[in-house]
Amino acid sequence: MPAFRISPAVADAFPDTLIALVTASGLRGREPWPHTTAAMEELEQRLADGSWQPADETDPRIDAWHTAYRSFGTNPRRVRPSVDALGRRLAKKGTLPRINPAVDSYNAVSVRHGLPAGAFDLDHVTGDVDIRHADGTESFTPLGEPGIVENPRPGEIVYADATDVLTRHWNHRDAHRTRVTEDSTRVVFVLETLCAARDGHLLKIAAEELQGLLAPHAGRTAVHHLGPAQPLTTV
């Protein structure tokens with residue numbers, strides 16, 4: 001099983017980081033997931049009736065990511081953190097995208113709690129995964145664009161395995177190789193905060209909520225945590 005590591009340089013730069021890794025094995029992505037469907041429809045209805053709205057860049061949870069992006073040279077208004085982009089899309093269109101049940105589950109949890117989320121198909125991850133600064137020589141193929149190869153900027157924070165980069169700009173966009181599909185059976189889902197002292201309880205709630213959506217459609221689920229105090233965990 002792969003290990004996930006947060007590098008000492010990233011831990012030093014963002015000492016209040018906390019990451020929840022929710023693992024699921026034996027996923028059954030081609031059956032109905034009624035609880036996920038209900039979770040998405042509830043958010044859309046609450047948005048429509050004005051009782052809730054997604055966090056935007058004025059929210060401290062999103063602003064913290066904008067500050068982090070600027071620190072490693074990314075303009076967060078051009079290249080937005082995933083939760084920021086998803087919330088803006090929901091606010092504009094009134095609906096969340098429907099991709100597949102596993103992806104829909106983490107999208108619903110992400111936008112509900114204002115926390116970035118992503119996922120990797122573990123059967124397509126090579127070796128261990130490091131959260132580190134890019135050196136600029138790595139390659140990245142964006143989700144949905146298998147013919148494109150990019151190189152992260154030196155200093156940009158990325159998730160990277162032994163082959164290449166799995167996310168750019170920390171959590172802006174995932175790679176095509178490790179994308180989660182209806183046929184993915186071993187998946188690690190990622191939820192993140194840069195302010196554990198303030199939002200650690202939200203991360204715990206979000207991880208439990210995501211695990212609850214996954215569990216009826218998986219053989220096994222678990223939650224692991226990663227951060228400066230525990231910079232290495234095996235999933």
# chains A, B, ... in the order shown; residues from 1 in each chain; ligands from 1
>>> closest_atom_pairs(of="region 101-156 of chain A", to="region 201-209 of chain A", cutoff="12 Å", atoms="only C-alpha atoms", output="CSV")
residue,atom,partner,partner_atom,distance
A:Ser105,CA,A:Glu209,CA,9.3
A:Tyr106,CA,A:Ala206,CA,9.2
A:Asn107,CA,A:Ala206,CA,11.1
A:Ala108,CA,A:Glu209,CA,9.9
A:Val109,CA,A:Ala206,CA,6.1
A:Ser110,CA,A:Ala206,CA,7.6
A:Val111,CA,A:Ala206,CA,10.1
A:Arg112,CA,A:Ala206,CA,8.5
A:His113,CA,A:Ala206,CA,6.7
A:Gly114,CA,A:Leu202,CA,8.9
A:Leu115,CA,A:Leu203,CA,7.5
A:Pro116,CA,A:Leu203,CA,10.0
A:Ala117,CA,A:Ala206,CA,9.9
>>> write_last_selection(atoms="all heavy atoms", output="mmCIF file, in the first residue's frame")
data_model
loop_
_atom_site.group_PDB
_atom_site.id
_atom_site.type_symbol
_atom_site.label_atom_id
_atom_site.label_comp_id
_atom_site.auth_asym_id
_atom_site.auth_seq_id
_atom_site.Cartn_x
_atom_site.Cartn_y
_atom_site.Cartn_z
ATOM 1 N N SER A 105 -19.674 12.309 -4.647
ATOM 2 C CA SER A 105 -19.669 12.278 -3.176
ATOM 3 C C SER A 105 -18.676 13.273 -2.607
ATOM 4 O O SER A 105 -19.000 14.063 -1.711
ATOM 5 C CB SER A 105 -19.343 10.862 -2.686
ATOM 6 O OG SER A 105 -20.351 9.946 -3.042
ATOM 7 N N TYR A 106 -17.442 13.259 -3.130
ATOM 8 C CA TYR A 106 -16.466 14.189 -2.544
ATOM 9 C C TYR A 106 -16.735 15.619 -2.964
ATOM 10 O O TYR A 106 -16.448 16.556 -2.210
ATOM 11 C CB TYR A 106 -15.025 13.739 -2.770
ATOM 12 C CG TYR A 106 -14.377 13.962 -4.116
ATOM 13 C CD1 TYR A 106 -14.044 15.234 -4.566
ATOM 14 C CD2 TYR A 106 -14.003 12.879 -4.909
ATOM 15 C CE1 TYR A 106 -13.399 15.433 -5.779
ATOM 16 C CE2 TYR A 106 -13.347 13.063 -6.111
ATOM 17 C CZ TYR A 106 -13.054 14.342 -6.549
ATOM 18 O OH TYR A 106 -12.394 14.543 -7.739
ATOM 19 N N ASN A 107 -17.322 15.835 -4.140
ATOM 20 C CA ASN A 107 -17.688 17.196 -4.520
ATOM 21 C C ASN A 107 -18.746 17.763 -3.575
ATOM 22 O O ASN A 107 -18.669 18.935 -3.159
ATOM 23 C CB ASN A 107 -18.206 17.226 -5.960
ATOM 24 C CG ASN A 107 -17.092 17.299 -6.988
ATOM 25 O OD1 ASN A 107 -15.948 17.618 -6.668
ATOM 26 N ND2 ASN A 107 -17.416 17.004 -8.232
ATOM 27 N N ALA A 108 -19.744 16.956 -3.244
ATOM 28 C CA ALA A 108 -20.800 17.426 -2.342
ATOM 29 C C ALA A 108 -20.236 17.764 -0.969
ATOM 30 O O ALA A 108 -20.563 18.801 -0.377
ATOM 31 C CB ALA A 108 -21.898 16.370 -2.227
ATOM 32 N N VAL A 109 -19.369 16.898 -0.455
ATOM 33 C CA VAL A 109 -18.774 17.139 0.864
ATOM 34 C C VAL A 109 -17.859 18.363 0.818
ATOM 35 O O VAL A 109 -17.858 19.193 1.735
ATOM 36 C CB VAL A 109 -18.015 15.887 1.335
ATOM 37 C CG1 VAL A 109 -17.197 16.184 2.590
ATOM 38 C CG2 VAL A 109 -18.986 14.742 1.589
ATOM 39 N N SER A 110 -17.090 18.497 -0.247
ATOM 40 C CA SER A 110 -16.174 19.623 -0.394
ATOM 41 C C SER A 110 -16.906 20.956 -0.344
ATOM 42 O O SER A 110 -16.563 21.853 0.446
ATOM 43 C CB SER A 110 -15.407 19.488 -1.709
ATOM 44 O OG SER A 110 -14.623 20.634 -1.977
ATOM 45 N N VAL A 111 -17.917 21.096 -1.179
ATOM 46 C CA VAL A 111 -18.588 22.394 -1.274
ATOM 47 C C VAL A 111 -19.443 22.657 -0.043
ATOM 48 O O VAL A 111 -19.603 23.814 0.373
ATOM 49 C CB VAL A 111 -19.405 22.473 -2.589
ATOM 50 C CG1 VAL A 111 -20.706 21.695 -2.506
ATOM 51 C CG2 VAL A 111 -19.663 23.911 -2.988
ATOM 52 N N ARG A 112 -19.975 21.619 0.584
ATOM 53 C CA ARG A 112 -20.765 21.820 1.807
ATOM 54 C C ARG A 112 -19.910 22.416 2.925
ATOM 55 O O ARG A 112 -20.347 23.302 3.660
ATOM 56 C CB ARG A 112 -21.370 20.499 2.283
ATOM 57 C CG ARG A 112 -22.214 20.645 3.568
ATOM 58 C CD ARG A 112 -22.546 19.308 4.192
ATOM 59 N NE ARG A 112 -23.327 18.461 3.318
ATOM 60 C CZ ARG A 112 -24.655 18.514 3.190
ATOM 61 N NH1 ARG A 112 -25.347 19.410 3.886
ATOM 62 N NH2 ARG A 112 -25.290 17.686 2.391
ATOM 63 N N HIS A 113 -18.676 21.936 3.047
ATOM 64 C CA HIS A 113 -17.835 22.324 4.175
ATOM 65 C C HIS A 113 -16.759 23.348 3.808
ATOM 66 O O HIS A 113 -16.008 23.780 4.683
ATOM 67 C CB HIS A 113 -17.194 21.082 4.792
ATOM 68 C CG HIS A 113 -18.205 20.144 5.386
ATOM 69 N ND1 HIS A 113 -18.879 20.431 6.551
ATOM 70 C CD2 HIS A 113 -18.682 18.952 4.945
ATOM 71 C CE1 HIS A 113 -19.713 19.433 6.822
ATOM 72 N NE2 HIS A 113 -19.618 18.536 5.867
ATOM 73 N N GLY A 114 -16.672 23.731 2.539
ATOM 74 C CA GLY A 114 -15.690 24.732 2.139
ATOM 75 C C GLY A 114 -14.263 24.256 2.233
ATOM 76 O O GLY A 114 -13.343 25.043 2.500
ATOM 77 N N LEU A 115 -14.049 22.956 1.971
ATOM 78 C CA LEU A 115 -12.722 22.355 2.053
ATOM 79 C C LEU A 115 -12.359 21.719 0.723
ATOM 80 O O LEU A 115 -13.172 21.017 0.127
ATOM 81 C CB LEU A 115 -12.697 21.271 3.145
ATOM 82 C CG LEU A 115 -13.043 21.717 4.569
ATOM 83 C CD1 LEU A 115 -13.198 20.493 5.460
ATOM 84 C CD2 LEU A 115 -11.977 22.646 5.123
ATOM 85 N N PRO A 116 -11.139 21.933 0.237
ATOM 86 C CA PRO A 116 -10.732 21.271 -1.009
ATOM 87 C C PRO A 116 -10.777 19.754 -0.870
ATOM 88 O O PRO A 116 -10.464 19.204 0.196
ATOM 89 C CB PRO A 116 -9.296 21.756 -1.218
ATOM 90 C CG PRO A 116 -9.179 23.000 -0.408
ATOM 91 C CD PRO A 116 -10.078 22.802 0.768
ATOM 92 N N ALA A 117 -11.161 19.090 -1.947
ATOM 93 C CA ALA A 117 -11.208 17.627 -1.954
ATOM 94 C C ALA A 117 -10.754 17.116 -3.307
ATOM 95 O O ALA A 117 -10.872 17.804 -4.329
ATOM 96 C CB ALA A 117 -12.618 17.126 -1.641
#
>>> residues_around(residues="Trp33 (chain A)", least_positions_apart="2", cutoff="12 Å", atoms="only C-alpha atoms", output="VMD selection string")
chain A and resid 27 to 31 35 to 40 100 to 105 182 212 to 218
>>> residues_around(residues="Asp164 (chain A)", least_positions_apart="2", cutoff="12 Å", atoms="only C-alpha atoms", output="ChimeraX atom specification")
/A:124-130,134-142,149-152,158-162,166-168,174-178
>>> atom_distance(atom1="CA of Gly144 (chain A)", atom2="CA of Asp59 (chain A)")
29.6 Å
